[in-house]
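For reference, structure.cif is printed below; it contains mmCIF, N, CA and C atoms.
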```
data_work
loop_
_atom_site.label_atom_id
_atom_site.label_comp_id
_atom_site.auth_asym_id
_atom_site.auth_seq_id
_atom_site.Cartn_x
_atom_site.Cartn_y
_atom_site.Cartn_z
N MET A 9 126.88 -56.49 147.55
CA MET A 9 126.45 -55.39 148.38
C MET A 9 126.74 -55.72 149.84
N LYS A 10 127.36 -54.78 150.56
CA LYS A 10 127.66 -54.97 151.97
C LYS A 10 126.58 -54.28 152.81
N LYS A 11 125.50 -55.01 153.09
CA LYS A 11 124.41 -54.43 153.86
C LYS A 11 124.71 -54.48 155.35
N THR A 12 124.32 -53.41 156.03
CA THR A 12 124.50 -53.29 157.46
C THR A 12 123.19 -52.79 158.06
N ILE A 13 122.86 -53.29 159.26
CA ILE A 13 121.70 -52.84 160.01
C ILE A 13 122.18 -51.88 161.08
N ILE A 14 121.62 -50.69 161.10
CA ILE A 14 121.95 -49.69 162.13
C ILE A 14 120.70 -49.44 162.95
N THR A 15 120.83 -49.55 164.27
CA THR A 15 119.71 -49.24 165.16
C THR A 15 120.09 -48.07 166.06
N VAL A 16 119.12 -47.21 166.30
CA VAL A 16 119.31 -46.04 167.15
C VAL A 16 118.14 -46.01 168.14
N ILE A 17 118.46 -45.99 169.43
CA ILE A 17 117.42 -46.01 170.46
C ILE A 17 117.80 -45.03 171.57
N GLY A 18 116.81 -44.28 172.05
CA GLY A 18 117.06 -43.38 173.17
C GLY A 18 115.97 -42.35 173.33
N GLN A 19 116.19 -41.46 174.26
CA GLN A 19 115.27 -40.35 174.51
C GLN A 19 115.23 -39.46 173.28
N ASP A 20 114.03 -39.09 172.85
CA ASP A 20 113.89 -38.27 171.64
C ASP A 20 114.44 -36.87 171.89
N THR A 21 115.16 -36.37 170.90
CA THR A 21 115.69 -35.01 170.94
C THR A 21 115.87 -34.52 169.51
N VAL A 22 116.00 -33.24 169.35
CA VAL A 22 116.17 -32.64 168.03
C VAL A 22 117.53 -33.03 167.45
N GLY A 23 117.54 -33.43 166.18
CA GLY A 23 118.78 -33.63 165.45
C GLY A 23 119.35 -35.03 165.38
N ILE A 24 118.65 -36.02 165.96
CA ILE A 24 119.19 -37.39 165.93
C ILE A 24 119.35 -37.87 164.48
N ILE A 25 118.29 -37.78 163.72
CA ILE A 25 118.33 -38.27 162.34
C ILE A 25 119.36 -37.46 161.53
N ALA A 26 119.39 -36.16 161.72
CA ALA A 26 120.33 -35.31 160.98
C ALA A 26 121.77 -35.71 161.26
N LYS A 27 122.08 -35.94 162.52
CA LYS A 27 123.46 -36.29 162.91
C LYS A 27 123.88 -37.62 162.29
N VAL A 28 123.01 -38.63 162.40
CA VAL A 28 123.33 -39.96 161.87
C VAL A 28 123.43 -39.91 160.34
N CYS A 29 122.46 -39.30 159.69
CA CYS A 29 122.45 -39.26 158.22
C CYS A 29 123.60 -38.44 157.66
N THR A 30 124.00 -37.38 158.34
CA THR A 30 125.15 -36.59 157.90
C THR A 30 126.42 -37.43 157.95
N TYR A 31 126.58 -38.18 159.03
CA TYR A 31 127.74 -39.07 159.14
C TYR A 31 127.74 -40.09 157.99
N LEU A 32 126.60 -40.70 157.75
CA LEU A 32 126.51 -41.70 156.68
C LEU A 32 126.86 -41.08 155.32
N ALA A 33 126.30 -39.93 155.02
CA ALA A 33 126.56 -39.26 153.74
C ALA A 33 128.04 -38.91 153.60
N ASN A 34 128.63 -38.40 154.66
CA ASN A 34 130.05 -38.02 154.62
C ASN A 34 130.97 -39.22 154.40
N ASN A 35 130.48 -40.41 154.73
CA ASN A 35 131.28 -41.63 154.58
C ASN A 35 130.80 -42.51 153.42
N ARG A 36 130.01 -41.92 152.53
CA ARG A 36 129.54 -42.59 151.31
C ARG A 36 128.79 -43.89 151.61
N ILE A 37 127.95 -43.84 152.64
CA ILE A 37 127.12 -44.98 153.02
C ILE A 37 125.70 -44.66 152.59
N ASN A 38 125.14 -45.53 151.74
CA ASN A 38 123.82 -45.29 151.17
C ASN A 38 122.72 -45.92 152.03
N ILE A 39 121.69 -45.15 152.33
CA ILE A 39 120.54 -45.66 153.07
C ILE A 39 119.60 -46.35 152.09
N LEU A 40 119.36 -47.64 152.32
CA LEU A 40 118.48 -48.42 151.46
C LEU A 40 117.05 -48.42 151.99
N ASP A 41 116.90 -48.45 153.31
CA ASP A 41 115.58 -48.48 153.94
C ASP A 41 115.70 -47.89 155.33
N ILE A 42 114.64 -47.24 155.78
CA ILE A 42 114.67 -46.60 157.10
C ILE A 42 113.28 -46.63 157.71
N SER A 43 113.24 -46.91 159.01
CA SER A 43 111.99 -46.89 159.75
C SER A 43 112.27 -46.17 161.07
N GLN A 44 111.39 -45.25 161.45
CA GLN A 44 111.61 -44.46 162.65
C GLN A 44 110.28 -44.26 163.36
N THR A 45 110.27 -44.45 164.68
CA THR A 45 109.08 -44.20 165.47
C THR A 45 109.48 -43.49 166.76
N ILE A 46 108.50 -42.81 167.33
CA ILE A 46 108.66 -42.20 168.65
C ILE A 46 107.47 -42.65 169.48
N VAL A 47 107.77 -43.30 170.60
CA VAL A 47 106.72 -43.82 171.48
C VAL A 47 106.95 -43.22 172.87
N GLN A 48 106.01 -42.41 173.31
CA GLN A 48 106.06 -41.77 174.63
C GLN A 48 107.43 -41.15 174.92
N GLY A 49 107.96 -40.45 173.92
CA GLY A 49 109.21 -39.73 174.10
C GLY A 49 110.47 -40.54 173.83
N TYR A 50 110.32 -41.81 173.48
CA TYR A 50 111.47 -42.65 173.17
C TYR A 50 111.60 -42.82 171.66
N PHE A 51 112.78 -42.54 171.16
CA PHE A 51 113.09 -42.58 169.74
C PHE A 51 113.63 -43.95 169.39
N ASN A 52 113.15 -44.52 168.27
CA ASN A 52 113.63 -45.80 167.79
C ASN A 52 113.76 -45.73 166.26
N MET A 53 114.95 -46.03 165.75
CA MET A 53 115.16 -45.99 164.31
C MET A 53 115.95 -47.23 163.90
N MET A 54 115.54 -47.80 162.79
CA MET A 54 116.27 -48.92 162.20
C MET A 54 116.54 -48.58 160.74
N MET A 55 117.79 -48.76 160.33
CA MET A 55 118.18 -48.46 158.96
C MET A 55 118.88 -49.67 158.36
N ILE A 56 118.65 -49.88 157.08
CA ILE A 56 119.44 -50.83 156.32
C ILE A 56 120.27 -49.98 155.35
N VAL A 57 121.56 -50.14 155.41
CA VAL A 57 122.45 -49.32 154.61
C VAL A 57 123.39 -50.19 153.78
N ASP A 58 123.91 -49.60 152.71
CA ASP A 58 124.89 -50.26 151.85
C ASP A 58 126.23 -49.56 152.05
N MET A 59 127.24 -50.32 152.49
CA MET A 59 128.55 -49.75 152.78
C MET A 59 129.57 -49.98 151.66
N ASN A 60 129.12 -50.41 150.49
CA ASN A 60 130.05 -50.72 149.39
C ASN A 60 130.98 -49.57 149.03
N GLU A 61 130.49 -48.36 149.03
CA GLU A 61 131.28 -47.21 148.57
C GLU A 61 132.14 -46.59 149.66
N SER A 62 131.95 -47.01 150.91
CA SER A 62 132.72 -46.43 152.01
C SER A 62 134.14 -46.97 152.01
N SER A 63 135.09 -46.09 152.28
CA SER A 63 136.49 -46.51 152.34
C SER A 63 136.89 -46.98 153.73
N LYS A 64 136.02 -46.78 154.71
CA LYS A 64 136.33 -47.17 156.08
C LYS A 64 135.91 -48.60 156.35
N PRO A 65 136.66 -49.30 157.19
CA PRO A 65 136.25 -50.65 157.57
C PRO A 65 135.03 -50.62 158.49
N PHE A 66 134.30 -51.74 158.50
CA PHE A 66 133.08 -51.85 159.31
C PHE A 66 133.33 -51.47 160.77
N GLY A 67 134.41 -51.96 161.36
CA GLY A 67 134.70 -51.69 162.77
C GLY A 67 134.85 -50.21 163.08
N ASP A 68 135.49 -49.47 162.20
CA ASP A 68 135.67 -48.03 162.40
C ASP A 68 134.32 -47.32 162.34
N ILE A 69 133.51 -47.69 161.37
CA ILE A 69 132.19 -47.07 161.24
C ILE A 69 131.33 -47.36 162.47
N ALA A 70 131.33 -48.61 162.91
CA ALA A 70 130.55 -48.99 164.08
C ALA A 70 131.00 -48.19 165.31
N SER A 71 132.31 -48.07 165.50
CA SER A 71 132.85 -47.32 166.64
C SER A 71 132.51 -45.84 166.56
N GLU A 72 132.65 -45.26 165.39
CA GLU A 72 132.37 -43.84 165.23
C GLU A 72 130.88 -43.54 165.44
N LEU A 73 130.01 -44.41 164.93
CA LEU A 73 128.57 -44.21 165.17
C LEU A 73 128.22 -44.37 166.64
N GLU A 74 128.86 -45.32 167.31
CA GLU A 74 128.64 -45.49 168.75
C GLU A 74 129.06 -44.23 169.50
N GLN A 75 130.17 -43.62 169.11
CA GLN A 75 130.64 -42.38 169.72
C GLN A 75 129.65 -41.23 169.47
N ILE A 76 129.13 -41.14 168.26
CA ILE A 76 128.12 -40.12 167.95
C ILE A 76 126.91 -40.32 168.85
N GLY A 77 126.50 -41.58 169.02
CA GLY A 77 125.37 -41.88 169.91
C GLY A 77 125.61 -41.38 171.32
N GLU A 78 126.81 -41.61 171.85
CA GLU A 78 127.15 -41.14 173.19
C GLU A 78 127.06 -39.61 173.28
N GLU A 79 127.52 -38.94 172.22
CA GLU A 79 127.50 -37.48 172.20
C GLU A 79 126.08 -36.92 172.22
N ILE A 80 125.15 -37.60 171.56
CA ILE A 80 123.78 -37.07 171.47
C ILE A 80 122.80 -37.80 172.40
N GLY A 81 123.31 -38.72 173.21
CA GLY A 81 122.48 -39.35 174.24
C GLY A 81 121.60 -40.50 173.78
N VAL A 82 122.03 -41.21 172.73
CA VAL A 82 121.29 -42.39 172.26
C VAL A 82 122.27 -43.56 172.13
N ILE A 83 121.73 -44.74 171.93
CA ILE A 83 122.55 -45.93 171.70
C ILE A 83 122.48 -46.26 170.21
N ILE A 84 123.63 -46.32 169.56
CA ILE A 84 123.69 -46.66 168.14
C ILE A 84 124.50 -47.95 168.00
N LYS A 85 123.89 -48.93 167.37
CA LYS A 85 124.53 -50.23 167.14
C LYS A 85 124.52 -50.56 165.65
N CYS A 86 125.59 -51.21 165.20
CA CYS A 86 125.70 -51.66 163.81
C CYS A 86 125.90 -53.17 163.80
N ASP A 87 125.18 -53.84 162.92
CA ASP A 87 125.34 -55.28 162.74
C ASP A 87 125.38 -55.57 161.25
N ARG A 88 126.27 -56.44 160.85
CA ARG A 88 126.25 -56.89 159.46
C ARG A 88 124.94 -57.64 159.22
N GLU A 89 124.37 -57.48 158.05
CA GLU A 89 123.06 -58.08 157.75
C GLU A 89 123.08 -59.59 158.01
N TYR A 90 124.12 -60.26 157.62
CA TYR A 90 124.20 -61.71 157.77
C TYR A 90 124.04 -62.12 159.24
N PHE A 91 124.79 -61.46 160.13
CA PHE A 91 124.73 -61.81 161.55
C PHE A 91 123.42 -61.38 162.19
N PHE A 92 122.89 -60.24 161.77
CA PHE A 92 121.60 -59.77 162.28
C PHE A 92 120.52 -60.79 161.94
N THR A 93 120.53 -61.28 160.71
CA THR A 93 119.55 -62.27 160.27
C THR A 93 119.68 -63.56 161.07
N LEU A 94 120.91 -64.01 161.29
CA LEU A 94 121.11 -65.22 162.09
C LEU A 94 120.60 -65.07 163.52
N MET A 95 120.89 -63.93 164.14
CA MET A 95 120.48 -63.70 165.53
C MET A 95 118.97 -63.64 165.68
N HIS A 96 118.26 -63.18 164.66
CA HIS A 96 116.82 -62.99 164.77
C HIS A 96 116.01 -64.07 164.05
N ARG A 97 116.67 -65.12 163.67
CA ARG A 97 116.00 -66.21 162.96
C ARG A 97 115.20 -67.10 163.91
N LEU A 98 115.63 -67.22 165.15
CA LEU A 98 114.97 -68.13 166.10
C LEU A 98 113.57 -67.76 166.36
#
```

Do you think you could lay out the structure here as structure tokens?
Amino acid sequence: MKKTIITVIGQDTVGIIAKVCTYLANNRINILDISQTIVQGYFNMMMIVDMNESSKPFGDIASELEQIGEEIGVIIKCDREYFFTLMHRL
């Protein structure tokens, strides 16, 4: 399984989850776990997804999600699970 961590952070607005989830569905990326909070108007979402069925390479997906984030005014980052775990182990 090719797990990826996707984080979305920014000012809360209508349609953030819809835009991200539509992109994932259109690219055959399965959401395994999701957590979302809004604190004083700031949106924060973390997703663990499985990219096994996607035909696109990781770099393309990360770039396209970053572009979607720019379009809707949030920051979207993708990290492979292995590297995310290493970075947050300390």

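Run against this file, the PyMOL selection byres (((chain A and resi 14-21 and name CA) around 6) and name CA) gives back Ile13, Val22, Gly49, Tyr50, Phe51, Asn52, Met53, Met54, Met55, Val82, Ile83, Ile84, Lys85 and Cys86 of chain A.
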
Query raised in the report: DSSP on the backbone: what in chain A comes out strand (DSSP E), as an MDAnalysis selection string?
Result: chainID A and resid 11:19 38:47 50:58 82:88

**Report entry** Output check: residues returned by the PyMOL selection byres ((chain A and resi 10) around 6.5), as an MDAnalysis selection string
**Finding:** chainID A and resid 9 11:12 57:60

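For the pair CA of Ile76 in chain A and CA of Val28 in chain A, the separation is 7.7 Å.
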
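Using only C-alpha atoms, the nearest neighbour of Arg88 in chain A within the list A:Ser63, A:Ile56, A:Val47, A:Gln75 is A:Ile56.
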
Among the residues of range 13-92 of chain A, find those DSSP assigns to helix (DSSP H, G or I) from the backbone and print them as a PDB file with N, CA and C atoms, keeping the file's coordinate frame.
```pdb
ATOM      1  N   ILE A  24     118.650 -36.020 165.960  1.00  0.00           N
ATOM      2  CA  ILE A  24     119.190 -37.390 165.930  1.00  0.00           C
ATOM      3  C   ILE A  24     119.350 -37.870 164.480  1.00  0.00           C
ATOM      4  N   ILE A  25     118.290 -37.780 163.720  1.00  0.00           N
ATOM      5  CA  ILE A  25     118.330 -38.270 162.340  1.00  0.00           C
ATOM      6  C   ILE A  25     119.360 -37.460 161.530  1.00  0.00           C
ATOM      7  N   ALA A  26     119.390 -36.160 161.720  1.00  0.00           N
ATOM      8  CA  ALA A  26     120.330 -35.310 160.980  1.00  0.00           C
ATOM      9  C   ALA A  26     121.770 -35.710 161.260  1.00  0.00           C
ATOM     10  N   LYS A  27     122.080 -35.940 162.520  1.00  0.00           N
ATOM     11  CA  LYS A  27     123.460 -36.290 162.910  1.00  0.00           C
ATOM     12  C   LYS A  27     123.880 -37.620 162.290  1.00  0.00           C
ATOM     13  N   VAL A  28     123.010 -38.630 162.400  1.00  0.00           N
ATOM     14  CA  VAL A  28     123.330 -39.960 161.870  1.00  0.00           C
ATOM     15  C   VAL A  28     123.430 -39.910 160.340  1.00  0.00           C
ATOM     16  N   CYS A  29     122.460 -39.300 159.690  1.00  0.00           N
ATOM     17  CA  CYS A  29     122.450 -39.260 158.220  1.00  0.00           C
ATOM     18  C   CYS A  29     123.600 -38.440 157.660  1.00  0.00           C
ATOM     19  N   THR A  30     124.000 -37.380 158.340  1.00  0.00           N
ATOM     20  CA  THR A  30     125.150 -36.590 157.900  1.00  0.00           C
ATOM     21  C   THR A  30     126.420 -37.430 157.950  1.00  0.00           C
ATOM     22  N   TYR A  31     126.580 -38.180 159.030  1.00  0.00           N
ATOM     23  CA  TYR A  31     127.740 -39.070 159.140  1.00  0.00           C
ATOM     24  C   TYR A  31     127.740 -40.090 157.990  1.00  0.00           C
ATOM     25  N   LEU A  32     126.600 -40.700 157.750  1.00  0.00           N
ATOM     26  CA  LEU A  32     126.510 -41.700 156.680  1.00  0.00           C
ATOM     27  C   LEU A  32     126.860 -41.080 155.320  1.00  0.00           C
ATOM     28  N   ALA A  33     126.300 -39.930 155.020  1.00  0.00           N
ATOM     29  CA  ALA A  33     126.560 -39.260 153.740  1.00  0.00           C
ATOM     30  C   ALA A  33     128.040 -38.910 153.600  1.00  0.00           C
ATOM     31  N   ASN A  34     128.630 -38.400 154.660  1.00  0.00           N
ATOM     32  CA  ASN A  34     130.050 -38.020 154.620  1.00  0.00           C
ATOM     33  C   ASN A  34     130.970 -39.220 154.400  1.00  0.00           C
ATOM     34  N   PHE A  66     134.300 -51.740 158.500  1.00  0.00           N
ATOM     35  CA  PHE A  66     133.080 -51.850 159.310  1.00  0.00           C
ATOM     36  C   PHE A  66     133.330 -51.470 160.770  1.00  0.00           C
ATOM     37  N   GLY A  67     134.410 -51.960 161.360  1.00  0.00           N
ATOM     38  CA  GLY A  67     134.700 -51.690 162.770  1.00  0.00           C
ATOM     39  C   GLY A  67     134.850 -50.210 163.080  1.00  0.00           C
ATOM     40  N   ASP A  68     135.490 -49.470 162.200  1.00  0.00           N
ATOM     41  CA  ASP A  68     135.670 -48.030 162.400  1.00  0.00           C
ATOM     42  C   ASP A  68     134.320 -47.320 162.340  1.00  0.00           C
ATOM     43  N   ILE A  69     133.510 -47.690 161.370  1.00  0.00           N
ATOM     44  CA  ILE A  69     132.190 -47.070 161.240  1.00  0.00           C
ATOM     45  C   ILE A  69     131.330 -47.360 162.470  1.00  0.00           C
ATOM     46  N   ALA A  70     131.330 -48.610 162.910  1.00  0.00           N
ATOM     47  CA  ALA A  70     130.550 -48.990 164.080  1.00  0.00           C
ATOM     48  C   ALA A  70     131.000 -48.190 165.310  1.00  0.00           C
ATOM     49  N   SER A  71     132.310 -48.070 165.500  1.00  0.00           N
ATOM     50  CA  SER A  71     132.850 -47.320 166.640  1.00  0.00           C
ATOM     51  C   SER A  71     132.510 -45.840 166.560  1.00  0.00           C
ATOM     52  N   GLU A  72     132.650 -45.260 165.390  1.00  0.00           N
ATOM     53  CA  GLU A  72     132.370 -43.840 165.230  1.00  0.00           C
ATOM     54  C   GLU A  72     130.880 -43.540 165.440  1.00  0.00           C
ATOM     55  N   LEU A  73     130.010 -44.410 164.930  1.00  0.00           N
ATOM     56  CA  LEU A  73     128.570 -44.210 165.170  1.00  0.00           C
ATOM     57  C   LEU A  73     128.220 -44.370 166.640  1.00  0.00           C
ATOM     58  N   GLU A  74     128.860 -45.320 167.310  1.00  0.00           N
ATOM     59  CA  GLU A  74     128.640 -45.490 168.750  1.00  0.00           C
ATOM     60  C   GLU A  74     129.060 -44.230 169.500  1.00  0.00           C
ATOM     61  N   GLN A  75     130.170 -43.620 169.110  1.00  0.00           N
ATOM     62  CA  GLN A  75     130.640 -42.380 169.720  1.00  0.00           C
ATOM     63  C   GLN A  75     129.650 -41.230 169.470  1.00  0.00           C
ATOM     64  N   ILE A  76     129.130 -41.140 168.260  1.00  0.00           N
ATOM     65  CA  ILE A  76     128.120 -40.120 167.950  1.00  0.00           C
ATOM     66  C   ILE A  76     126.910 -40.320 168.850  1.00  0.00           C
ATOM     67  N   GLY A  77     126.500 -41.580 169.020  1.00  0.00           N
ATOM     68  CA  GLY A  77     125.370 -41.880 169.910  1.00  0.00           C
ATOM     69  C   GLY A  77     125.610 -41.380 171.320  1.00  0.00           C
ATOM     70  N   GLU A  78     126.810 -41.610 171.850  1.00  0.00           N
ATOM     71  CA  GLU A  78     127.150 -41.140 173.190  1.00  0.00           C
ATOM     72  C   GLU A  78     127.060 -39.610 173.280  1.00  0.00           C
ATOM     73  N   GLU A  79     127.520 -38.940 172.220  1.00  0.00           N
ATOM     74  CA  GLU A  79     127.500 -37.480 172.200  1.00  0.00           C
ATOM     75  C   GLU A  79     126.080 -36.920 172.220  1.00  0.00           C
ATOM     76  N   ILE A  80     125.150 -37.600 171.560  1.00  0.00           N
ATOM     77  CA  ILE A  80     123.780 -37.070 171.470  1.00  0.00           C
ATOM     78  C   ILE A  80     122.800 -37.800 172.400  1.00  0.00           C
ATOM     79  N   GLU A  89     124.370 -57.480 158.050  1.00  0.00           N
ATOM     80  CA  GLU A  89     123.060 -58.080 157.750  1.00  0.00           C
ATOM     81  C   GLU A  89     123.080 -59.590 158.010  1.00  0.00           C
ATOM     82  N   TYR A  90     124.120 -60.260 157.620  1.00  0.00           N
ATOM     83  CA  TYR A  90     124.200 -61.710 157.770  1.00  0.00           C
ATOM     84  C   TYR A  90     124.040 -62.120 159.240  1.00  0.00           C
ATOM     85  N   PHE A  91     124.790 -61.460 160.130  1.00  0.00           N
ATOM     86  CA  PHE A  91     124.730 -61.810 161.550  1.00  0.00           C
ATOM     87  C   PHE A  91     123.420 -61.380 162.190  1.00  0.00           C
ATOM     88  N   PHE A  92     122.890 -60.240 161.770  1.00  0.00           N
ATOM     89  CA  PHE A  92     121.600 -59.770 162.280  1.00  0.00           C
ATOM     90  C   PHE A  92     120.520 -60.790 161.940  1.00  0.00           C
TER      91      PHE A  92
END
```

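Using only C-alpha atoms, the shortest contact distance between Asp87 in chain A and any of A:Gly67, A:Ser43, A:Glu61, A:Cys29 is found at A:Gly67.
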
Box for range 36-44 of chain A - axis-aligned, 5 Å on each of the six sides, all listed atoms - centre and size in Å to one decimal, as JSON.
```
{"center_x": 120.1, "center_y": -45.2, "center_z": 157.3, "size_x": 29.7, "size_y": 16.6, "size_z": 22.2}
```

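Take the candidates A:Leu40, A:Ser62, A:Asn35, A:Gly81 and check each one against Gly23 in chain A using only C-alpha atoms; the shortest distance goes to A:Gly81.
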
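Of the residues under consideration (A:Ile46, A:Lys27, A:Glu78, A:Glu89), A:Glu89 shows the shortest atom-to-atom contact distance to Phe66 in chain A when counting only C-alpha atoms.
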
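Separating CA of Gly77 in chain A from atom C of Ile39 in chain A is a distance of 19.3 Å.
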
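Our summary of the geometry notes that CA of Ile25 in chain A is positioned 17.6 Å from CA of Ser71 in chain A.
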